[in-house]
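Below is protein.cif, holding mmCIF, C-alpha atoms.
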data_run
loop_
_atom_site.group_PDB
_atom_site.id
_atom_site.type_symbol
_atom_site.label_atom_id
_atom_site.label_comp_id
_atom_site.auth_asym_id
_atom_site.auth_seq_id
_atom_site.Cartn_x
_atom_site.Cartn_y
_atom_site.Cartn_z
ATOM 1 C CA MET A 1 -7.142 -6.542 -74.707
ATOM 2 C CA ASN A 2 -7.896 -6.455 -70.986
ATOM 3 C CA TYR A 3 -5.974 -3.433 -69.868
ATOM 4 C CA THR A 4 -6.757 -0.124 -68.214
ATOM 5 C CA ALA A 5 -4.220 2.674 -68.350
ATOM 6 C CA GLY A 6 -2.552 3.070 -64.979
ATOM 7 C CA GLY A 7 -3.851 -0.278 -63.731
ATOM 8 C CA PRO A 8 -2.390 -3.788 -63.546
ATOM 9 C CA SER A 9 -1.590 -5.576 -66.793
ATOM 10 C CA LYS A 10 -3.930 -8.442 -67.575
ATOM 11 C CA LEU A 11 -2.288 -11.274 -69.462
ATOM 12 C CA PRO A 12 -4.658 -11.867 -72.400
ATOM 13 C CA VAL A 13 -5.300 -15.607 -72.514
ATOM 14 C CA ASP A 14 -6.608 -15.677 -76.094
ATOM 15 C CA GLU A 15 -3.536 -13.996 -77.548
ATOM 16 C CA LEU A 16 -1.095 -16.078 -75.524
ATOM 17 C CA ALA A 17 -2.965 -19.245 -76.484
ATOM 18 C CA LEU A 18 -1.982 -18.535 -80.081
ATOM 19 C CA ALA A 19 1.685 -18.626 -79.095
ATOM 20 C CA VAL A 20 1.179 -21.917 -77.281
ATOM 21 C CA ALA A 21 -0.672 -23.356 -80.289
ATOM 22 C CA ARG A 22 2.307 -22.518 -82.489
ATOM 23 C CA ILE A 23 4.638 -24.190 -80.011
ATOM 24 C CA LYS A 24 2.540 -27.357 -79.779
ATOM 25 C CA GLY A 25 2.650 -27.626 -83.564
ATOM 26 C CA MET A 26 6.442 -27.852 -83.495
ATOM 27 C CA LEU A 27 8.383 -31.089 -83.450
ATOM 28 C CA LEU A 28 10.164 -30.548 -80.160
ATOM 29 C CA THR A 29 13.664 -31.723 -80.916
ATOM 30 C CA ARG A 30 16.452 -30.571 -78.628
ATOM 31 C CA ASP A 31 17.352 -27.706 -80.953
ATOM 32 C CA LYS A 32 13.778 -26.485 -81.328
ATOM 33 C CA ALA A 33 12.807 -26.701 -77.643
ATOM 34 C CA GLY A 34 15.038 -23.783 -76.711
ATOM 35 C CA ASN A 35 13.545 -21.716 -79.519
ATOM 36 C CA ALA A 36 10.065 -22.651 -78.332
ATOM 37 C CA VAL A 37 10.812 -21.317 -74.838
ATOM 38 C CA HIS A 38 11.921 -18.036 -76.373
ATOM 39 C CA LEU A 39 8.791 -17.977 -78.542
ATOM 40 C CA LEU A 40 6.606 -18.376 -75.466
ATOM 41 C CA ALA A 41 8.474 -15.611 -73.612
ATOM 42 C CA ARG A 42 8.193 -13.312 -76.621
ATOM 43 C CA GLY A 43 4.477 -14.025 -76.947
ATOM 44 C CA ILE A 44 3.894 -13.183 -73.286
ATOM 45 C CA LYS A 45 5.870 -9.942 -73.543
ATOM 46 C CA ASP A 46 4.186 -8.826 -76.758
ATOM 47 C CA SER A 47 0.751 -9.532 -75.279
ATOM 48 C CA THR A 48 1.343 -7.771 -71.952
ATOM 49 C CA PRO A 49 1.060 -3.966 -71.908
ATOM 50 C CA GLY A 50 3.965 -2.355 -70.111
ATOM 51 C CA ALA A 51 6.146 -5.475 -70.078
ATOM 52 C CA GLY A 52 9.819 -4.587 -70.236
ATOM 53 C CA GLY A 53 11.041 -8.153 -70.566
ATOM 54 C CA THR A 54 10.116 -11.778 -70.039
ATOM 55 C CA GLY A 55 12.102 -14.945 -69.573
ATOM 56 C CA VAL A 56 12.759 -18.179 -67.740
ATOM 57 C CA SER A 57 15.004 -18.791 -64.750
ATOM 58 C CA LEU A 58 16.350 -22.315 -64.318
ATOM 59 C CA ILE A 59 17.337 -22.817 -60.684
ATOM 60 C CA ARG A 60 19.442 -25.831 -59.891
ATOM 61 C CA GLU A 61 21.143 -27.584 -57.001
ATOM 62 C CA GLY A 62 22.277 -25.178 -54.305
ATOM 63 C CA GLY A 63 20.142 -22.368 -55.684
ATOM 64 C CA GLN A 64 22.359 -21.827 -58.739
ATOM 65 C CA GLY A 65 20.438 -20.078 -61.510
ATOM 66 C CA THR A 66 20.659 -19.397 -65.223
ATOM 67 C CA SER A 67 18.382 -17.477 -67.578
ATOM 68 C CA SER A 68 16.831 -19.001 -70.698
ATOM 69 C CA GLY A 69 14.620 -17.633 -73.462
ATOM 70 C CA PHE A 70 14.804 -14.077 -72.142
ATOM 71 C CA THR A 71 13.501 -11.355 -74.448
ATOM 72 C CA ASP A 72 15.589 -8.370 -73.330
ATOM 73 C CA PRO A 73 18.971 -7.671 -71.680
ATOM 74 C CA VAL A 74 17.236 -6.209 -68.613
ATOM 75 C CA VAL A 75 15.868 -9.683 -67.817
ATOM 76 C CA GLU A 76 19.322 -11.217 -67.847
ATOM 77 C CA GLN A 77 20.716 -8.364 -65.751
ATOM 78 C CA ALA A 78 17.967 -8.432 -63.113
ATOM 79 C CA ASP A 79 18.149 -12.219 -62.975
ATOM 80 C CA ALA A 80 21.936 -12.273 -62.623
ATOM 81 C CA ALA A 81 21.671 -10.091 -59.533
ATOM 82 C CA GLN A 82 19.233 -12.586 -58.009
ATOM 83 C CA TYR A 83 21.489 -15.554 -58.742
ATOM 84 C CA GLY A 84 24.528 -13.844 -57.296
ATOM 85 C CA LEU A 85 22.733 -12.739 -54.129
ATOM 86 C CA ARG A 86 20.454 -15.781 -53.884
ATOM 87 C CA GLU A 87 17.476 -13.560 -53.204
ATOM 88 C CA GLY A 88 14.724 -11.858 -55.164
ATOM 89 C CA PRO A 89 11.191 -12.510 -56.440
ATOM 90 C CA CYS A 90 12.126 -15.321 -58.835
ATOM 91 C CA PHE A 91 14.246 -17.062 -56.218
ATOM 92 C CA THR A 92 11.359 -16.836 -53.743
ATOM 93 C CA ALA A 93 8.796 -18.034 -56.317
ATOM 94 C CA TRP A 94 10.952 -21.087 -57.002
ATOM 95 C CA ALA A 95 11.639 -21.852 -53.347
ATOM 96 C CA SER A 96 8.033 -21.379 -52.166
ATOM 97 C CA GLU A 97 6.397 -22.804 -55.326
ATOM 98 C CA ARG A 98 4.061 -19.801 -55.306
ATOM 99 C CA VAL A 99 3.458 -16.820 -57.550
ATOM 100 C CA VAL A 100 5.287 -13.713 -56.344
ATOM 101 C CA ILE A 101 4.071 -10.222 -57.269
ATOM 102 C CA VAL A 102 6.095 -7.068 -56.620
ATOM 103 C CA ASP A 103 4.113 -3.845 -56.926
ATOM 104 C CA ASP A 104 7.110 -1.553 -56.515
ATOM 105 C CA ILE A 105 10.689 -2.702 -56.086
ATOM 106 C CA GLY A 106 11.551 0.722 -54.732
ATOM 107 C CA THR A 107 9.356 0.257 -51.663
ATOM 108 C CA ASP A 108 9.271 -3.548 -51.307
ATOM 109 C CA GLY A 109 11.564 -4.518 -48.455
ATOM 110 C CA ARG A 110 11.649 -8.299 -48.886
ATOM 111 C CA TRP A 111 14.999 -8.427 -50.719
ATOM 112 C CA PRO A 112 17.083 -5.397 -49.734
ATOM 113 C CA ALA A 113 20.324 -6.514 -51.382
ATOM 114 C CA TRP A 114 18.610 -7.276 -54.701
ATOM 115 C CA GLN A 115 16.599 -4.066 -54.435
ATOM 116 C CA SER A 116 19.850 -2.122 -54.241
ATOM 117 C CA ALA A 117 21.468 -4.124 -57.039
ATOM 118 C CA VAL A 118 18.707 -3.343 -59.570
ATOM 119 C CA ALA A 119 18.083 0.251 -58.499
ATOM 120 C CA ASP A 120 19.520 1.614 -61.770
ATOM 121 C CA LEU A 121 17.672 -0.851 -64.029
ATOM 122 C CA PRO A 122 14.303 -0.044 -65.656
ATOM 123 C CA VAL A 123 12.518 -2.500 -63.386
ATOM 124 C CA ARG A 124 9.836 -1.433 -60.917
ATOM 125 C CA SER A 125 7.282 -4.259 -60.810
ATOM 126 C CA VAL A 126 7.505 -8.020 -61.301
ATOM 127 C CA VAL A 127 5.335 -11.100 -61.508
ATOM 128 C CA SER A 128 7.063 -14.487 -61.247
ATOM 129 C CA ALA A 129 5.449 -17.947 -61.413
ATOM 130 C CA PRO A 130 7.175 -21.224 -60.518
ATOM 131 C CA LEU A 131 8.035 -23.761 -63.203
ATOM 132 C CA LEU A 132 6.780 -27.130 -62.009
ATOM 133 C CA PHE A 133 8.032 -30.346 -63.612
ATOM 134 C CA GLY A 134 5.699 -32.939 -62.150
ATOM 135 C CA ASN A 135 5.227 -31.659 -58.628
ATOM 136 C CA GLU A 136 8.681 -30.138 -58.267
ATOM 137 C CA GLY A 137 9.968 -26.645 -58.988
ATOM 138 C CA ILE A 138 12.792 -26.280 -61.502
ATOM 139 C CA GLY A 139 12.713 -22.525 -61.981
ATOM 140 C CA THR A 140 10.394 -19.630 -62.768
ATOM 141 C CA LEU A 141 8.725 -17.731 -65.605
ATOM 142 C CA LYS A 142 8.684 -14.000 -65.026
ATOM 143 C CA ILE A 143 7.758 -10.590 -66.424
ATOM 144 C CA TYR A 144 9.545 -7.356 -65.512
ATOM 145 C CA ALA A 145 7.938 -3.935 -66.021
ATOM 146 C CA ALA A 146 9.452 -0.451 -65.915
ATOM 147 C CA LEU A 147 6.423 1.015 -64.106
ATOM 148 C CA PRO A 148 5.089 0.122 -60.635
ATOM 149 C CA ALA A 149 1.839 -1.775 -59.961
ATOM 150 C CA GLN A 150 1.625 -3.424 -63.377
ATOM 151 C CA PHE A 151 0.542 -6.877 -62.181
ATOM 152 C CA ASP A 152 -2.178 -8.343 -59.977
ATOM 153 C CA GLU A 153 -3.382 -11.764 -58.826
ATOM 154 C CA ASP A 154 -5.096 -12.434 -62.157
ATOM 155 C CA SER A 155 -1.791 -11.812 -63.912
ATOM 156 C CA GLY A 156 -0.159 -14.358 -61.621
ATOM 157 C CA ARG A 157 -2.811 -17.007 -62.220
ATOM 158 C CA VAL A 158 -2.581 -16.714 -65.981
ATOM 159 C CA LEU A 159 1.234 -16.668 -65.956
ATOM 160 C CA SER A 160 1.129 -19.902 -63.940
ATOM 161 C CA LEU A 161 -0.765 -21.585 -66.770
ATOM 162 C CA PHE A 162 1.965 -20.720 -69.232
ATOM 163 C CA ALA A 163 4.677 -21.667 -66.769
ATOM 164 C CA GLY A 164 3.393 -25.236 -67.125
ATOM 165 C CA THR A 165 3.980 -25.055 -70.874
ATOM 166 C CA ALA A 166 7.477 -23.678 -70.369
ATOM 167 C CA ALA A 167 8.347 -26.484 -67.940
ATOM 168 C CA THR A 168 7.187 -29.087 -70.456
ATOM 169 C CA LEU A 169 9.320 -27.494 -73.169
ATOM 170 C CA LEU A 170 12.387 -27.457 -70.945
ATOM 171 C CA ALA A 171 11.928 -31.152 -70.254
ATOM 172 C CA HIS A 172 12.750 -31.728 -73.942
ATOM 173 C CA ILE A 173 16.092 -29.962 -73.729
ATOM 174 C CA GLN A 174 18.622 -32.732 -73.210
ATOM 175 C CA GLY A 175 22.259 -33.232 -74.099
ATOM 176 C CA ASP A 176 25.760 -32.514 -72.844
ATOM 177 C CA ASP A 177 25.676 -28.869 -73.897
ATOM 178 C CA THR A 178 22.357 -27.921 -72.277
ATOM 179 C CA LEU A 179 21.721 -26.036 -69.052
ATOM 180 C CA LEU A 180 19.151 -28.521 -67.869
ATOM 181 C CA ARG A 181 19.682 -32.301 -68.014
ATOM 182 C CA ILE A 182 16.735 -34.414 -66.988
ATOM 183 C CA ASN A 183 18.925 -37.358 -65.979
ATOM 184 C CA GLY A 184 21.392 -35.270 -63.987
ATOM 185 C CA ASN A 185 20.925 -31.686 -62.980
ATOM 186 C CA LEU A 186 17.157 -31.959 -62.718
ATOM 187 C CA GLN A 187 17.375 -34.868 -60.299
ATOM 188 C CA ALA A 188 19.874 -32.906 -58.229
ATOM 189 C CA ALA A 189 17.589 -29.880 -58.273
ATOM 190 C CA LEU A 190 14.643 -31.965 -57.129
ATOM 191 C CA ALA A 191 16.670 -33.392 -54.257
ATOM 192 C CA SER A 192 17.689 -29.844 -53.330
ATOM 193 C CA ARG A 193 14.046 -28.705 -53.371
ATOM 194 C CA ASP A 194 13.078 -31.571 -51.059
ATOM 195 C CA THR A 195 15.787 -30.634 -48.555
ATOM 196 C CA ILE A 196 14.741 -26.970 -48.568
ATOM 197 C CA ASN A 197 11.075 -27.904 -48.119
ATOM 198 C CA ARG A 198 11.919 -30.180 -45.191
ATOM 199 C CA ALA A 199 13.973 -27.409 -43.582
ATOM 200 C CA CYS A 200 11.011 -25.048 -43.991
ATOM 201 C CA GLY A 201 8.757 -27.637 -42.394
ATOM 202 C CA ALA A 202 11.116 -27.984 -39.451
ATOM 203 C CA LEU A 203 11.101 -24.221 -38.890
ATOM 204 C CA MET A 204 7.311 -24.101 -39.206
ATOM 205 C CA GLU A 205 6.964 -26.827 -36.566
ATOM 206 C CA ARG A 206 9.625 -25.491 -34.210
ATOM 207 C CA GLU A 207 8.797 -21.777 -34.355
ATOM 208 C CA GLY A 208 5.154 -21.763 -35.422
ATOM 209 C CA LEU A 209 5.927 -19.959 -38.687
ATOM 210 C CA SER A 210 3.984 -19.873 -41.929
ATOM 211 C CA LYS A 211 5.638 -21.418 -44.998
ATOM 212 C CA ASP A 212 6.440 -17.969 -46.401
ATOM 213 C CA ASP A 213 7.989 -16.774 -43.123
ATOM 214 C CA ALA A 214 9.998 -19.992 -42.780
ATOM 215 C CA MET A 215 11.373 -19.533 -46.300
ATOM 216 C CA LYS A 216 12.235 -15.895 -45.587
ATOM 217 C CA GLN A 217 14.136 -16.972 -42.485
ATOM 218 C CA LEU A 218 16.115 -19.573 -44.448
ATOM 219 C CA VAL A 219 16.958 -17.064 -47.190
ATOM 220 C CA ARG A 220 18.004 -14.502 -44.568
ATOM 221 C CA LYS A 221 20.290 -17.055 -42.882
ATOM 222 C CA ALA A 222 21.841 -17.912 -46.251
ATOM 223 C CA ARG A 223 22.467 -14.244 -47.028
ATOM 224 C CA GLU A 224 23.934 -13.511 -43.608
ATOM 225 C CA SER A 225 26.200 -16.579 -43.640
ATOM 226 C CA GLY A 226 27.176 -16.346 -47.290
ATOM 227 C CA LEU A 227 26.280 -20.020 -47.749
ATOM 228 C CA PRO A 228 24.036 -21.557 -50.422
ATOM 229 C CA LEU A 229 20.432 -22.052 -49.367
ATOM 230 C CA ILE A 230 20.739 -25.826 -49.699
ATOM 231 C CA GLU A 231 23.711 -25.880 -47.294
ATOM 232 C CA VAL A 232 21.860 -23.760 -44.727
ATOM 233 C CA SER A 233 18.900 -26.150 -44.999
ATOM 234 C CA GLU A 234 21.133 -29.197 -44.536
ATOM 235 C CA LYS A 235 22.775 -27.674 -41.457
ATOM 236 C CA LEU A 236 19.370 -26.891 -39.948
ATOM 237 C CA LEU A 237 18.084 -30.420 -40.604
ATOM 238 C CA ALA A 238 21.225 -31.910 -39.056
ATOM 239 C CA LYS A 239 20.141 -30.372 -35.737
ATOM 240 C CA VAL A 240 16.609 -31.762 -35.951
ATOM 241 C CA PRO A 241 15.918 -35.208 -34.407
ATOM 242 C CA PRO A 242 15.221 -37.773 -37.189
ATOM 243 C CA GLU A 243 11.697 -38.448 -35.913
ATOM 244 C CA ALA A 244 10.827 -34.731 -36.205
ATOM 245 C CA ARG A 245 12.002 -34.248 -39.815
#
Could you spell out this file's structure in structure tokens?
Amino acid sequence: MNYTAGGPSKLPVDELALAVARIKGMLLTRDKAGNAVHLLARGIKDSTPGAGGTGVSLIREGGQGTSSGFTDPVVEQADAAQYGLREGPCFTAWASERVVIVDDIGTDGRWPAWQSAVADLPVRSVVSAPLLFGNEGIGTLKIYAALPAQFDEDSGRVLSLFAGTAATLLAHIQGDDTLLRINGNLQAALASRDTINRACGALMEREGLSKDDAMKQLVRKARESGLPLIEVSEKLLAKVPPEAR
């Protein structure tokens, strides 16, 4: 296992591949797809030294989130704080469609409200990778750890590979009682993502910002106004001339 005490956790591809092989051997009915997501999360946690919990965040229209397949209560608790505040590493990974790594929540100043909300939880470092269905983000796959500096860029790259598997599994979960409906909520989420991306692009063009800085500005405006991120994006786009969108 690729791991050095005191250093970042390396997600062992060979061991996780076994979990994926088991999943691919399943007949992915609606009932089994949810179990398969949990199996993948459990395999990632069990194969990652220092992992305190793993799970999936499904982020829908307006930035509304739910947790699926999580392995431990701490995942649900840390996620719930992100959904309520509409900020945090998973929210940013979804919105930017990029891997987000937090070395130490105690000193990372990107999400002050979330940082305060999880201060009493056994969570110090995080790696979160976006779930991409096609070319669109529908959520994130993440690992929380109780110690700082447990993840590095290699961890993020490998987690991204398994995020693709998780997204495929979630695409099989359909029905009136599911959190994610391909013919309804997913389409709404994709439309929301497009609006947020266009708002980021408008800020990048108008203020010369990078994509990350534009997203941070949108999230900050949403937090300060108390409005959903999608509504802040729509209001910003309404002020932009059609030819510049």
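Under the PyMOL selection byres ((chain A and resi 201-204) around 10), the matching residues in the shown file are Thr195, Ile196, Asn197, Arg198, Ala199, Cys200, Glu205, Arg206, Glu207, Gly208, Leu209, Ser210, Lys211, Asp212, Asp213, Ala214, Met215, Gln217, Leu218, Ser233, Leu236, Leu237, Val240, Ala244 and Arg245 of chain A.
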### Hits from the PyMOL selection byres ((chain A and resi 87) around 7), listed as an MDAnalysis selection string
chainID A and resid 82 85:86 88 91:92 111 114 219
Matched chain/residue IDs from the PyMOL selection byres ((chain A and resi 148-152) around 7), as a PDB file with C-alpha atoms, in the coordinates of the input:
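Final output, saved to expr_30.pdb:
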ATOM      1  CA  GLY A   7      -3.851  -0.278 -63.731  1.00  0.00           C
ATOM      2  CA  PRO A   8      -2.390  -3.788 -63.546  1.00  0.00           C
ATOM      3  CA  SER A   9      -1.590  -5.576 -66.793  1.00  0.00           C
ATOM      4  CA  ILE A 101       4.071 -10.222 -57.269  1.00  0.00           C
ATOM      5  CA  ASP A 103       4.113  -3.845 -56.926  1.00  0.00           C
ATOM      6  CA  ASP A 104       7.110  -1.553 -56.515  1.00  0.00           C
ATOM      7  CA  ARG A 124       9.836  -1.433 -60.917  1.00  0.00           C
ATOM      8  CA  SER A 125       7.282  -4.259 -60.810  1.00  0.00           C
ATOM      9  CA  VAL A 127       5.335 -11.100 -61.508  1.00  0.00           C
ATOM     10  CA  ALA A 145       7.938  -3.935 -66.021  1.00  0.00           C
ATOM     11  CA  ALA A 146       9.452  -0.451 -65.915  1.00  0.00           C
ATOM     12  CA  LEU A 147       6.423   1.015 -64.106  1.00  0.00           C
ATOM     13  CA  GLU A 153      -3.382 -11.764 -58.826  1.00  0.00           C
ATOM     14  CA  ASP A 154      -5.096 -12.434 -62.157  1.00  0.00           C
ATOM     15  CA  SER A 155      -1.791 -11.812 -63.912  1.00  0.00           C
ATOM     16  CA  GLY A 156      -0.159 -14.358 -61.621  1.00  0.00           C
TER      17      GLY A 156
END
### Message
Considering all atoms listed in the file, can you say which of A:Glu136, A:Arg110, A:Gln77, A:Leu141 comes closest to His38 of chain A?
### Response
A:Leu141
### Spatial neighbours of Asp79 of chain A, max dist 10 Å, all atoms listed in the file, sep filter under 2 positions, as a ChimeraX atom specification
/A:55-57,65-67,70,73-77,81-85,87-91,114,118,142
For those residues, write C-alpha atoms to a file as a tab-separated table (two decimals), in the coordinates of the input.
chain	number	residue	atom	x	y	z
A	55	GLY	CA	12.10	-14.94	-69.57
A	56	VAL	CA	12.76	-18.18	-67.74
A	57	SER	CA	15.00	-18.79	-64.75
A	65	GLY	CA	20.44	-20.08	-61.51
A	66	THR	CA	20.66	-19.40	-65.22
A	67	SER	CA	18.38	-17.48	-67.58
A	70	PHE	CA	14.80	-14.08	-72.14
A	73	PRO	CA	18.97	-7.67	-71.68
A	74	VAL	CA	17.24	-6.21	-68.61
A	75	VAL	CA	15.87	-9.68	-67.82
A	76	GLU	CA	19.32	-11.22	-67.85
A	77	GLN	CA	20.72	-8.36	-65.75
A	81	ALA	CA	21.67	-10.09	-59.53
A	82	GLN	CA	19.23	-12.59	-58.01
A	83	TYR	CA	21.49	-15.55	-58.74
A	84	GLY	CA	24.53	-13.84	-57.30
A	85	LEU	CA	22.73	-12.74	-54.13
A	87	GLU	CA	17.48	-13.56	-53.20
A	88	GLY	CA	14.72	-11.86	-55.16
A	89	PRO	CA	11.19	-12.51	-56.44
A	90	CYS	CA	12.13	-15.32	-58.84
A	91	PHE	CA	14.25	-17.06	-56.22
A	114	TRP	CA	18.61	-7.28	-54.70
A	118	VAL	CA	18.71	-3.34	-59.57
A	142	LYS	CA	8.68	-14.00	-65.03
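Using all atoms listed in the file, the shortest contact distance between Ile138 of chain A and any of A:Ile59, A:Val158, A:Val126, A:Ala166 is found at A:Ile59.
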### Task
Counting only C-alpha atoms, figure out which residue out of A:Ser225, A:Thr168, A:Thr54, A:Ser116 gets nearest to Ala36 of chain A.
A:Thr168
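From atom CA of Ala95 of chain A back to atom CA of Asp194 of chain A, the distance works out to 10.1 Å.
One distance worth recording is that between atom CA of Val123 of chain A and atom CA of Ile230 of chain A, which is 28.3 Å.
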### Query
How many Å lie between atom CA of Arg42 of chain A and atom CA of Leu170 of chain A, rounded to one decimal?
15.8 Å
